[in-house]
Amino acid sequence: MNAPMQQTVVDHIDRAAEDVVSLALRSASGPLAPWEPGAHIDLALPNWLTRQYSLCGDPADRGSYRVAIRNERLSRGGSEYIHRFLRQGRTLGVSLPRNHFRLEPAPAYLFLAGGIGITPLLPMLRAAAASGVPADLVYAGQSVATMPFADELRSSYGDRVRIVATRRQGRPDLAALASALPPGARVYCCGPPAMLAEAEAAFPAGRLHTERFHPAPKSFAPNEEFEVECARSGQTLRVPADESLLDVLTHAGRPVGSGCREGVCGSCEIAVLDGEPEHRDDIGAPQGRMYPCVSRALGPRLVVDL
Amino acid sequence: MTHASTRPRRVSPAEVRSRVGEPDVKKRDKTLDHIGVYARRFIAHAPFLTMATADAEGRADCSPRGDYPGFAKVLDDRTLALPDRPGNKIADSFRNLAENDGIGLLFFIPGVRETLRVNGRAYPTDEPDVLARMQTEAKRPVLALVVEVDEVYFHCGRALVRSRLWDPGSQALADEMPSAGEMAAAQFAPGADPEAFDRRLEDAYRKLY
Ligand code: FES
């Protein structure tokens, strides 16, 4: 049930800003799977870890993908590996692109990026500009030196792009941006948790689209034990309060693909045939689907299509 | 059982020196007092290591530790950290280290004949920034071991070459071993069902974090 992988080769690794590198991943054979702005991929690293990164290149380029990665101070082994040990010419398995952050049609767009959160917004901005829809970008980061693609953005889009170096200028005033928002405009925001929280407070929910790299702080009713029936095999399993549904399925020999295990990447998506899931993800599960790495059940039983 | 009369004879330290020579002088030249770039790359790709400790009386113990490659985190060029995972029985090592902080680590990378030796002193920590870097499958260890590095050196590959350790053909040796369940049942629970032991073990092996 693990998603099919595409083989790519690390074509080049470039420094995109302080502590940020961009990777160009060239197809090892034939065209790569198509994608739309907002999509991300799983990267299967040589150290067996899988990490998700937003595609930030050009969707028209079917020969390569581009991703940009910040070296996290508390790296759990993904970004540190890419920054220190990944080498040009290495083959890397890449998942098919997934998109939980689609660019919906609108008469105007406001893009809000915080730091490395610029990555999914880059192709969105390009797409909006190409189709002639007015689009503005407010791009915040600690200092310009830490912000990838700042020069490229300024030279391509001029004053449609506002770069805010927060250490000198403070954070952008989202409330002011909200009151100046053109009617019908949609807001796309990707950045650190504090920025997402401010955006959620400033913009009407129906017009705001967010993408998280880390789960939003939330609280839930205490975990309850429940039962899961795997419809295809007829197997029924007990999900104890202290274990995730994903782990129970995996330990029972029904492996489900997984990436973040935090309800942000969507790689563990499964179909629910019966019972009411308790959704705890940050993606927004489509009808009849759930993310078993974090989500549980509202009732005593779920039937899943496995 | 070995009896006094059949115990192999002991060779004195002086005699040992005369037969095998002085300790390798070249070793000293190859030894670094910090984690250099190649050692760091080695550690980042090693999924397995052995850890030797001893108690105050010098009673020694050696145990395996394994996880994804790079599970031993390099905090800086003189400091490493190892996660405590379920089943790693790190408690035994902690007990020794509380009395005697000396530690010897030997890192392995499948397919690489050379091994990396890191010796130093160790203590347990619960530092959140260290534990955060060890989170796997959404689980964070409760404790980690900090190793302050004194010596780092590559060990030549002769032992691994001679042992054919990475030769896939060598895995046929496993066929000559009874299962863990068979051994456990025979030694500790005569009459118990070895297959039940093995099943329980397989279940435990599926749940690694
Ligand atoms: S593993 Fe990422 S959403 Fe479940």
# chains A, B, ... in the order shown; residues from 1 in each chain; ligands from 1
call {"tool": "closest_atom_pairs", "arguments": {"of": "chain B", "to": "chain A", "cutoff": "7 Å", "atoms": "only C-alpha atoms", "output": "JSON lines"}}
result
{"residue": "B:Arg41", "atom": "CA", "partner": "A:Phe85", "partner_atom": "CA", "distance": 6.9}
{"residue": "B:His45", "atom": "CA", "partner": "A:Asn47", "partner_atom": "CA", "distance": 6.4}
{"residue": "B:Tyr68", "atom": "CA", "partner": "A:Trp48", "partner_atom": "CA", "distance": 6.5}
{"residue": "B:Pro69", "atom": "CA", "partner": "A:Asn47", "partner_atom": "CA", "distance": 5.1}
{"residue": "B:Asp129", "atom": "CA", "partner": "A:Leu74", "partner_atom": "CA", "distance": 6.7}
{"residue": "B:Ala132", "atom": "CA", "partner": "A:Leu74", "partner_atom": "CA", "distance": 6.5}
{"residue": "B:Arg133", "atom": "CA", "partner": "A:Arg76", "partner_atom": "CA", "distance": 4.3}
{"residue": "B:Met134", "atom": "CA", "partner": "A:Arg76", "partner_atom": "CA", "distance": 5.8}
{"residue": "B:Gln135", "atom": "CA", "partner": "A:Arg76", "partner_atom": "CA", "distance": 6.3}
{"residue": "B:Glu137", "atom": "CA", "partner": "A:Arg261", "partner_atom": "CA", "distance": 6.3}
{"residue": "B:Ala138", "atom": "CA", "partner": "A:Arg261", "partner_atom": "CA", "distance": 6.0}
{"residue": "B:Arg206", "atom": "CA", "partner": "A:His251", "partner_atom": "CA", "distance": 5.4}
{"residue": "B:Lys207", "atom": "CA", "partner": "A:His251", "partner_atom": "CA", "distance": 6.4}
call {"tool": "residues_near_ligand", "arguments": {"ligand": "ligand 1", "cutoff": "12 Å", "atoms": "only C-alpha atoms and all ligand atoms", "output": "ChimeraX atom specification"}}
result
/A:2,40-42,50-53,98,100,212-215,244-247,255-270,279-285,289-296 /B:136-138
call {"tool": "atom_distance", "arguments": {"atom1": "CA of Gly93 in chain A", "atom2": "CA of Pro192 in chain A"}}
result
27.4 Å
call {"tool": "atom_distance", "arguments": {"atom1": "CA of Gly141 in chain A", "atom2": "CA of Ala205 in chain A"}}
result
24.1 Å
call {"tool": "closest_residue", "arguments": {"among": "B:Gly21, B:Pro128, B:Gly36, B:Gly191", "to": "Thr79 in chain B", "atoms": "only C-alpha atoms"}}
result
B:Gly36
call {"tool": "atom_distance", "arguments": {"atom1": "CA of Ala60 in chain A", "atom2": "CA of Trp35 in chain A"}}
result
8.8 Å
call {"tool": "closest_residue", "arguments": {"among": "B:Lys139, B:Ala184, B:Pro83, B:Thr125", "to": "Asp242 in chain A", "atoms": "only C-alpha atoms"}}
result
B:Lys139
call {"tool": "decode", "arguments": {"residues": "range 62-91 of chain A", "atoms": "C-alpha atoms", "output": "mmCIF file, in the first residue's frame"}}
result
data_model
loop_
_atom_site.group_PDB
_atom_site.id
_atom_site.type_symbol
_atom_site.label_atom_id
_atom_site.label_comp_id
_atom_site.auth_asym_id
_atom_site.auth_seq_id
_atom_site.Cartn_x
_atom_site.Cartn_y
_atom_site.Cartn_z
ATOM 1 C CA ARG A 62 8.537 17.433 -16.461
ATOM 2 C CA GLY A 63 12.201 16.480 -16.320
ATOM 3 C CA SER A 64 12.961 17.669 -12.813
ATOM 4 C CA TYR A 65 11.548 18.688 -9.452
ATOM 5 C CA ARG A 66 12.893 21.416 -7.237
ATOM 6 C CA VAL A 67 12.621 21.527 -3.448
ATOM 7 C CA ALA A 68 14.225 23.797 -0.856
ATOM 8 C CA ILE A 69 15.187 22.661 2.619
ATOM 9 C CA ARG A 70 16.065 24.577 5.736
ATOM 10 C CA ASN A 71 18.564 23.010 8.091
ATOM 11 C CA GLU A 72 16.460 22.704 11.218
ATOM 12 C CA ARG A 73 18.292 23.366 14.468
ATOM 13 C CA LEU A 74 16.601 20.352 16.054
ATOM 14 C CA SER A 75 16.706 18.200 12.939
ATOM 15 C CA ARG A 76 15.441 14.665 13.485
ATOM 16 C CA GLY A 77 17.814 13.494 10.805
ATOM 17 C CA GLY A 78 16.185 14.656 7.547
ATOM 18 C CA SER A 79 17.309 18.218 6.943
ATOM 19 C CA GLU A 80 20.632 17.581 8.648
ATOM 20 C CA TYR A 81 21.288 14.699 6.275
ATOM 21 C CA ILE A 82 20.452 16.740 3.202
ATOM 22 C CA HIS A 83 22.606 19.661 4.299
ATOM 23 C CA ARG A 84 25.643 17.711 5.387
ATOM 24 C CA PHE A 85 25.753 14.396 3.619
ATOM 25 C CA LEU A 86 23.651 14.308 0.468
ATOM 26 C CA ARG A 87 25.777 14.303 -2.662
ATOM 27 C CA GLN A 88 25.236 15.303 -6.225
ATOM 28 C CA GLY A 89 24.608 12.287 -8.456
ATOM 29 C CA ARG A 90 22.931 10.223 -5.723
ATOM 30 C CA THR A 91 19.675 8.549 -6.790
#
